[in-house]
$ cat data-v1.cif   # mmCIF, C-alpha atoms
data_run
loop_
_atom_site.group_PDB
_atom_site.id
_atom_site.type_symbol
_atom_site.label_atom_id
_atom_site.label_comp_id
_atom_site.auth_asym_id
_atom_site.auth_seq_id
_atom_site.Cartn_x
_atom_site.Cartn_y
_atom_site.Cartn_z
ATOM 1 C CA MET A 1 -7.740 6.764 -18.087
ATOM 2 C CA THR A 2 -4.580 8.797 -17.687
ATOM 3 C CA ARG A 3 -1.532 7.463 -15.864
ATOM 4 C CA LEU A 4 0.883 10.336 -15.634
ATOM 5 C CA LEU A 5 4.271 10.826 -14.027
ATOM 6 C CA LEU A 6 5.566 14.317 -13.210
ATOM 7 C CA VAL A 7 9.381 14.473 -13.011
ATOM 8 C CA GLY A 8 11.859 17.257 -12.408
ATOM 9 C CA PRO A 9 14.393 18.518 -9.926
ATOM 10 C CA PRO A 10 13.285 19.527 -6.433
ATOM 11 C CA GLY A 11 11.779 23.008 -6.653
ATOM 12 C CA ALA A 12 10.714 22.739 -10.304
ATOM 13 C CA GLY A 13 7.056 23.184 -9.314
ATOM 14 C CA LYS A 14 5.900 19.580 -9.404
ATOM 15 C CA GLY A 15 3.653 19.919 -6.355
ATOM 16 C CA THR A 16 1.981 23.075 -7.642
ATOM 17 C CA GLN A 17 1.440 21.637 -11.111
ATOM 18 C CA ALA A 18 0.294 18.273 -9.724
ATOM 19 C CA ALA A 19 -2.530 19.950 -7.788
ATOM 20 C CA ILE A 20 -3.676 21.909 -10.849
ATOM 21 C CA LEU A 21 -3.400 18.933 -13.204
ATOM 22 C CA SER A 22 -5.279 16.724 -10.763
ATOM 23 C CA ASP A 23 -8.285 19.054 -11.086
ATOM 24 C CA THR A 24 -7.816 19.561 -14.826
ATOM 25 C CA LEU A 25 -7.573 15.849 -15.605
ATOM 26 C CA GLY A 26 -9.929 14.588 -12.884
ATOM 27 C CA ILE A 27 -7.367 12.193 -11.406
ATOM 28 C CA PRO A 28 -5.726 12.070 -7.967
ATOM 29 C CA ALA A 29 -2.271 13.563 -7.507
ATOM 30 C CA ILE A 30 -0.175 11.162 -5.485
ATOM 31 C CA SER A 31 2.897 12.741 -3.896
ATOM 32 C CA THR A 32 5.250 10.518 -1.946
ATOM 33 C CA GLY A 33 6.777 13.640 -0.370
ATOM 34 C CA ASP A 34 3.363 14.707 0.950
ATOM 35 C CA ILE A 35 2.671 11.199 2.246
ATOM 36 C CA PHE A 36 6.007 11.143 4.058
ATOM 37 C CA ARG A 37 5.689 14.693 5.466
ATOM 38 C CA THR A 38 2.177 13.970 6.779
ATOM 39 C CA ASN A 39 3.431 10.839 8.519
ATOM 40 C CA VAL A 40 6.395 12.717 10.013
ATOM 41 C CA ALA A 41 4.120 15.509 11.282
ATOM 42 C CA ASN A 42 1.718 12.956 12.811
ATOM 43 C CA GLU A 43 4.612 10.923 14.262
ATOM 44 C CA THR A 44 3.270 7.678 12.797
ATOM 45 C CA PRO A 45 5.522 4.595 12.736
ATOM 46 C CA LEU A 46 6.290 5.400 9.086
ATOM 47 C CA GLY A 47 6.977 9.036 10.002
ATOM 48 C CA ILE A 48 9.447 8.030 12.684
ATOM 49 C CA LYS A 49 11.267 5.766 10.179
ATOM 50 C CA VAL A 50 11.593 8.392 7.461
ATOM 51 C CA LYS A 51 12.183 11.536 9.570
ATOM 52 C CA ALA A 52 15.939 11.027 9.950
ATOM 53 C CA ILE A 53 16.301 10.008 6.302
ATOM 54 C CA MET A 54 14.481 13.117 5.072
ATOM 55 C CA ALA A 55 16.380 15.417 7.424
ATOM 56 C CA LYS A 56 19.599 14.412 5.627
ATOM 57 C CA GLY A 57 18.065 15.003 2.199
ATOM 58 C CA GLU A 58 18.249 11.304 1.328
ATOM 59 C CA TYR A 59 15.591 9.281 -0.462
ATOM 60 C CA VAL A 60 13.447 6.864 1.517
ATOM 61 C CA PRO A 61 14.488 3.246 0.674
ATOM 62 C CA ASP A 62 12.860 1.687 -2.382
ATOM 63 C CA ASP A 63 11.118 -1.166 -0.570
ATOM 64 C CA LEU A 64 9.330 1.178 1.814
ATOM 65 C CA THR A 65 8.433 3.667 -0.920
ATOM 66 C CA ASN A 66 7.208 0.908 -3.272
ATOM 67 C CA GLU A 67 4.934 -0.485 -0.560
ATOM 68 C CA ILE A 68 3.396 2.915 0.185
ATOM 69 C CA VAL A 69 2.782 3.734 -3.483
ATOM 70 C CA ALA A 70 1.332 0.292 -4.288
ATOM 71 C CA HIS A 71 -1.090 0.687 -1.390
ATOM 72 C CA ARG A 72 -2.111 4.170 -2.553
ATOM 73 C CA LEU A 73 -2.590 3.074 -6.186
ATOM 74 C CA SER A 74 -4.918 0.295 -5.017
ATOM 75 C CA GLU A 75 -7.379 2.827 -3.599
ATOM 76 C CA PRO A 76 -10.628 3.326 -5.578
ATOM 77 C CA ASP A 77 -9.955 6.935 -6.652
ATOM 78 C CA ALA A 78 -6.819 5.833 -8.551
ATOM 79 C CA ALA A 79 -8.619 3.136 -10.552
ATOM 80 C CA GLU A 80 -9.380 5.540 -13.419
ATOM 81 C CA GLY A 81 -5.927 7.088 -13.517
ATOM 82 C CA PHE A 82 -3.478 9.051 -11.419
ATOM 83 C CA LEU A 83 -0.666 11.557 -11.421
ATOM 84 C CA LEU A 84 2.508 10.498 -9.633
ATOM 85 C CA ASP A 85 4.751 13.180 -8.128
ATOM 86 C CA GLY A 86 8.032 12.055 -6.559
ATOM 87 C CA TYR A 87 7.808 8.418 -7.583
ATOM 88 C CA PRO A 88 9.452 6.512 -9.173
ATOM 89 C CA ARG A 89 12.907 7.952 -8.492
ATOM 90 C CA THR A 90 15.104 4.905 -9.112
ATOM 91 C CA ILE A 91 15.301 2.105 -11.688
ATOM 92 C CA GLU A 92 14.103 -0.382 -9.035
ATOM 93 C CA GLN A 93 11.060 1.809 -8.370
ATOM 94 C CA VAL A 94 10.328 1.961 -12.133
ATOM 95 C CA ASN A 95 10.550 -1.829 -12.294
ATOM 96 C CA GLU A 96 8.210 -2.192 -9.322
ATOM 97 C CA LEU A 97 5.725 0.302 -10.811
ATOM 98 C CA ASP A 98 5.823 -1.611 -14.117
ATOM 99 C CA ARG A 99 5.112 -4.866 -12.256
ATOM 100 C CA SER A 100 2.333 -3.307 -10.193
ATOM 101 C CA LEU A 101 0.564 -1.675 -13.152
ATOM 102 C CA GLY A 102 1.208 -4.646 -15.413
ATOM 103 C CA LYS A 103 -0.813 -6.941 -13.128
ATOM 104 C CA ASP A 104 -3.912 -5.145 -14.419
ATOM 105 C CA GLY A 105 -2.601 -4.750 -17.972
ATOM 106 C CA HIS A 106 -1.751 -1.066 -17.477
ATOM 107 C CA ALA A 107 1.338 1.103 -17.956
ATOM 108 C CA LEU A 108 2.305 4.759 -17.681
ATOM 109 C CA ASP A 109 0.861 6.903 -20.484
ATOM 110 C CA VAL A 110 3.222 9.862 -20.325
ATOM 111 C CA VAL A 111 6.101 11.318 -18.320
ATOM 112 C CA VAL A 112 6.110 15.112 -18.038
ATOM 113 C CA LEU A 113 9.639 16.366 -17.438
ATOM 114 C CA LEU A 114 9.670 19.814 -15.857
ATOM 115 C CA GLU A 115 12.990 21.358 -16.847
ATOM 116 C CA ALA A 116 14.587 24.175 -14.863
ATOM 117 C CA ASP A 117 18.025 25.649 -14.241
ATOM 118 C CA ILE A 118 19.500 24.270 -10.997
ATOM 119 C CA GLU A 119 20.461 27.710 -9.623
ATOM 120 C CA ASP A 120 16.924 28.968 -10.260
ATOM 121 C CA VAL A 121 15.385 26.072 -8.344
ATOM 122 C CA VAL A 122 17.871 26.415 -5.461
ATOM 123 C CA ALA A 123 16.812 30.055 -5.125
ATOM 124 C CA ARG A 124 13.127 29.031 -5.342
ATOM 125 C CA LEU A 125 13.568 26.404 -2.622
ATOM 126 C CA MET A 126 15.445 28.775 -0.323
ATOM 127 C CA LYS A 127 12.565 31.254 -0.640
ATOM 128 C CA ARG A 128 10.009 28.495 0.016
ATOM 129 C CA ALA A 129 11.952 27.335 3.086
ATOM 130 C CA ILE A 130 11.685 30.794 4.607
ATOM 131 C CA GLU A 131 8.013 31.268 3.673
ATOM 132 C CA GLN A 132 6.890 27.819 4.837
ATOM 133 C CA GLY A 133 9.298 27.287 7.708
ATOM 134 C CA ARG A 134 10.678 24.101 6.181
ATOM 135 C CA VAL A 135 13.571 23.108 8.394
ATOM 136 C CA ASP A 136 14.650 20.411 5.906
ATOM 137 C CA ASP A 137 15.372 23.037 3.247
ATOM 138 C CA THR A 138 18.785 24.472 4.165
ATOM 139 C CA GLU A 139 20.994 25.405 1.202
ATOM 140 C CA GLU A 140 23.338 22.500 1.958
ATOM 141 C CA ILE A 141 20.463 19.999 2.027
ATOM 142 C CA ILE A 142 18.897 21.501 -1.114
ATOM 143 C CA ARG A 143 22.158 21.206 -3.048
ATOM 144 C CA HIS A 144 22.588 17.645 -1.780
ATOM 145 C CA ARG A 145 19.056 16.801 -2.978
ATOM 146 C CA MET A 146 19.949 18.253 -6.400
ATOM 147 C CA SER A 147 23.021 16.025 -6.638
ATOM 148 C CA VAL A 148 20.982 12.988 -5.507
ATOM 149 C CA TYR A 149 18.375 13.853 -8.171
ATOM 150 C CA THR A 150 21.041 14.135 -10.872
ATOM 151 C CA GLU A 151 22.735 10.918 -9.804
ATOM 152 C CA GLN A 152 19.710 8.700 -9.172
ATOM 153 C CA THR A 153 16.665 10.143 -10.903
ATOM 154 C CA ALA A 154 17.896 11.837 -14.056
ATOM 155 C CA PRO A 155 18.983 8.469 -15.577
ATOM 156 C CA LEU A 156 15.308 7.438 -15.517
ATOM 157 C CA ILE A 157 14.644 10.021 -18.214
ATOM 158 C CA LYS A 158 16.783 7.994 -20.619
ATOM 159 C CA LEU A 159 14.707 4.887 -19.827
ATOM 160 C CA PHE A 160 11.424 6.749 -20.320
ATOM 161 C CA ASP A 161 12.775 8.369 -23.511
ATOM 162 C CA GLU A 162 13.486 4.879 -24.867
ATOM 163 C CA ARG A 163 9.802 4.086 -24.232
ATOM 164 C CA ASN A 164 8.795 7.318 -26.023
ATOM 165 C CA LEU A 165 6.939 8.554 -22.933
ATOM 166 C CA VAL A 166 8.701 11.865 -22.176
ATOM 167 C CA VAL A 167 7.363 15.321 -22.938
ATOM 168 C CA ARG A 168 9.661 18.168 -21.908
ATOM 169 C CA VAL A 169 8.199 21.358 -20.474
ATOM 170 C CA ASP A 170 9.955 24.564 -19.398
ATOM 171 C CA ALA A 171 9.145 24.820 -15.678
ATOM 172 C CA LEU A 172 10.149 28.466 -15.256
ATOM 173 C CA GLY A 173 7.709 31.351 -15.468
ATOM 174 C CA ALA A 174 4.223 32.064 -14.211
ATOM 175 C CA VAL A 175 2.338 29.046 -12.848
ATOM 176 C CA ASP A 176 -0.501 29.453 -15.385
ATOM 177 C CA ASN A 177 1.977 29.582 -18.272
ATOM 178 C CA VAL A 178 3.675 26.385 -17.113
ATOM 179 C CA THR A 179 0.284 24.693 -16.733
ATOM 180 C CA ASP A 180 -0.666 25.765 -20.278
ATOM 181 C CA ARG A 181 2.597 24.273 -21.595
ATOM 182 C CA ILE A 182 1.885 20.976 -19.825
ATOM 183 C CA VAL A 183 -1.735 20.771 -21.008
ATOM 184 C CA SER A 184 -0.600 21.536 -24.561
ATOM 185 C CA ALA A 185 2.078 18.820 -24.360
ATOM 186 C CA LEU A 186 -0.487 16.326 -23.050
ATOM 187 C CA ALA A 187 -2.929 17.243 -25.805
ATOM 188 C CA GLY A 188 -0.120 16.545 -28.269
ATOM 189 C CA ARG A 189 -0.055 13.017 -26.847
ATOM 190 C CA GLY A 190 -3.826 12.622 -27.195
ATOM 191 C CA LEU A 191 -4.533 13.130 -23.491
ATOM 192 C CA ALA A 192 -7.353 15.646 -23.051
ATOM 193 C CA SER A 193 -8.481 17.402 -19.907
ATOM 194 C CA ALA A 194 -11.465 16.112 -17.946
#
$ encode --input "data-v1.cif" --output "structure tokens"
Amino acid sequence: MTRLLLVGPPGAGKGTQAAILSDTLGIPAISTGDIFRTNVANETPLGIKVKAIMAKGEYVPDDLTNEIVAHRLSEPDAAEGFLLDGYPRTIEQVNELDRSLGKDGHALDVVVLLEADIEDVVARLMKRAIEQGRVDDTEEIIRHRMSVYTEQTAPLIKLFDERNLVVRVDALGAVDNVTDRIVSALAGRGLASA
């Protein structure tokens, strides 16, 4: 079983790498951003709640996010492991994930930190916004998300470092090269591909 967390600033390539690693490791990639965007697009009750929050570049409140992730982790395909993308983002979310996994005697195995220069990821996100028509990706919102990441999420790295869970990977360059760096880092932790 592999319980993996993918962390990094918005635009560092977490979604791309999560999809590849999901296939490589044979575990589901669970993206809170994708869950929220799907609900917004389908105008579900959850989507209506989070639409205004996301439009401002803010994080969805912990209690709502924790509930959604706990439900998703209880599904059968996550029983043998998972890859989390976009969660946890706050200390409270880490504590809730610890409680949730601990009920079954489990814990995270590794945290992959995708590192990238902020200006590079802003440029990457601006390009993606144009290509994908993402209205929530204006430069102002992107820069706000970067500051929210630095303020709220980056401190989690210290916590995970204290647990000796973090492997750092350069997120810039060709997708295949980044994937190779991640797989190599995981192998260094004794986590092999499926």
$ closest_residue --input "data-v1.cif" --among "A:Ile68, A:Ile118, A:Ile182, A:Val111" --to "Leu25 of chain A" --atoms "all atoms listed in the file"
A:Ile182
$ closest_residue --input "data-v1.cif" --among "A:Ala52, A:Ile91, A:Leu64, A:Leu6" --to "Glu151 of chain A" --atoms "only C-alpha atoms"
A:Ile91
$ resolve_selection --input "data-v1.cif" --expression "the PyMOL selection byres ((chain A and resi 108) around 10)" --output "ChimeraX atom specification"
/A:2-5,81-84,97-98,101-102,106-107,109-111,160,163,165
$ write_last_selection --input "data-v1.cif" --atoms "C-alpha atoms" --output "PDB file, keeping the file's coordinate frame"
ATOM      1  CA  THR A   2      -4.580   8.797 -17.687  1.00  0.00           C
ATOM      2  CA  ARG A   3      -1.532   7.463 -15.864  1.00  0.00           C
ATOM      3  CA  LEU A   4       0.883  10.336 -15.634  1.00  0.00           C
ATOM      4  CA  LEU A   5       4.271  10.826 -14.027  1.00  0.00           C
ATOM      5  CA  GLY A  81      -5.927   7.088 -13.517  1.00  0.00           C
ATOM      6  CA  PHE A  82      -3.478   9.051 -11.419  1.00  0.00           C
ATOM      7  CA  LEU A  83      -0.666  11.557 -11.421  1.00  0.00           C
ATOM      8  CA  LEU A  84       2.508  10.498  -9.633  1.00  0.00           C
ATOM      9  CA  LEU A  97       5.725   0.302 -10.811  1.00  0.00           C
ATOM     10  CA  ASP A  98       5.823  -1.611 -14.117  1.00  0.00           C
ATOM     11  CA  LEU A 101       0.564  -1.675 -13.152  1.00  0.00           C
ATOM     12  CA  GLY A 102       1.208  -4.646 -15.413  1.00  0.00           C
ATOM     13  CA  HIS A 106      -1.751  -1.066 -17.477  1.00  0.00           C
ATOM     14  CA  ALA A 107       1.338   1.103 -17.956  1.00  0.00           C
ATOM     15  CA  ASP A 109       0.861   6.903 -20.484  1.00  0.00           C
ATOM     16  CA  VAL A 110       3.222   9.862 -20.325  1.00  0.00           C
ATOM     17  CA  VAL A 111       6.101  11.318 -18.320  1.00  0.00           C
ATOM     18  CA  PHE A 160      11.424   6.749 -20.320  1.00  0.00           C
ATOM     19  CA  ARG A 163       9.802   4.086 -24.232  1.00  0.00           C
ATOM     20  CA  LEU A 165       6.939   8.554 -22.933  1.00  0.00           C
TER      21      LEU A 165
END
$ atom_distance --input "data-v1.cif" --atom1 "atom CA of Gly15 of chain A" --atom2 "atom CA of Asp104 of chain A"
27.4 Å
$ closest_atom_pairs --input "data-v1.cif" --of "segment 37-89 of chain A" --to "segment 122-134 of chain A" --cutoff "12 Å" --atoms "all atoms listed in the file" --output "JSON lines"
{"residue": "A:Arg37", "atom": "CA", "partner": "A:Arg134", "partner_atom": "CA", "distance": 10.7}
{"residue": "A:Ala41", "atom": "CA", "partner": "A:Arg134", "partner_atom": "CA", "distance": 12.0}
{"residue": "A:Met54", "atom": "CA", "partner": "A:Arg134", "partner_atom": "CA", "distance": 11.7}
{"residue": "A:Ala55", "atom": "CA", "partner": "A:Arg134", "partner_atom": "CA", "distance": 10.5}
$ closest_residue --input "data-v1.cif" --among "A:Asp136, A:Ile48, A:Ser147, A:Ala12" --to "Val169 of chain A" --atoms "only C-alpha atoms"
A:Ala12
$ residues_around --input "data-v1.cif" --residues "segment 171-177 of chain A" --least-positions-apart "6" --cutoff "12 Å" --atoms "only C-alpha atoms" --output "list of chain:residue names"
A:Leu6, A:Val7, A:Gly8, A:Pro9, A:Pro10, A:Gly11, A:Ala12, A:Gly13, A:Lys14, A:Gly15, A:Thr16, A:Gln17, A:Ala18, A:Ala19, A:Ile20, A:Leu21, A:Val112, A:Leu113, A:Leu114, A:Glu115, A:Ala116, A:Asp117, A:Ile118, A:Glu119, A:Asp120, A:Val121, A:Arg124, A:Val183, A:Ser184
$ closest_residue --input "data-v1.cif" --among "A:Thr32, A:Thr24, A:Arg89, A:Gly190" --to "Leu73 of chain A" --atoms "only C-alpha atoms"
A:Thr32
$ residues_near_point --input "data-v1.cif" --point "(13.6, 1.5, -18.6)" --cutoff "10 Å" --atoms "all atoms listed in the file" --output "list in words"
Ile91, Glu92, Val94, Asn95, Asp98, Pro155, Leu156, Ile157, Lys158, Leu159, Phe160, Asp161, Glu162 and Arg163 of chain A
$ closest_residue --input "data-v1.cif" --among "A:Asp137, A:Glu43, A:Asp63, A:Glu80" --to "Ile27 of chain A" --atoms "all atoms listed in the file"
A:Glu80
$ closest_residue --input "data-v1.cif" --among "A:Val60, A:Ser22, A:Tyr149, A:Val178" --to "Phe36 of chain A" --atoms "all atoms listed in the file"
A:Val60
$ atom_distance --input "data-v1.cif" --atom1 "atom CA of Asp62 of chain A" --atom2 "atom CA of Gln93 of chain A"
6.3 Å
$ atom_distance --input "data-v1.cif" --atom1 "atom CA of His144 of chain A" --atom2 "atom CA of Gly33 of chain A"
16.4 Å
$ axis_aligned_box --input "data-v1.cif" --around "segment 12-22 of chain A" --padding-each-side "3 Å" --output "JSON"
{"center_x": 2.7, "center_y": 20.0, "center_z": -9.8, "size_x": 22.0, "size_y": 12.5, "size_z": 12.8}
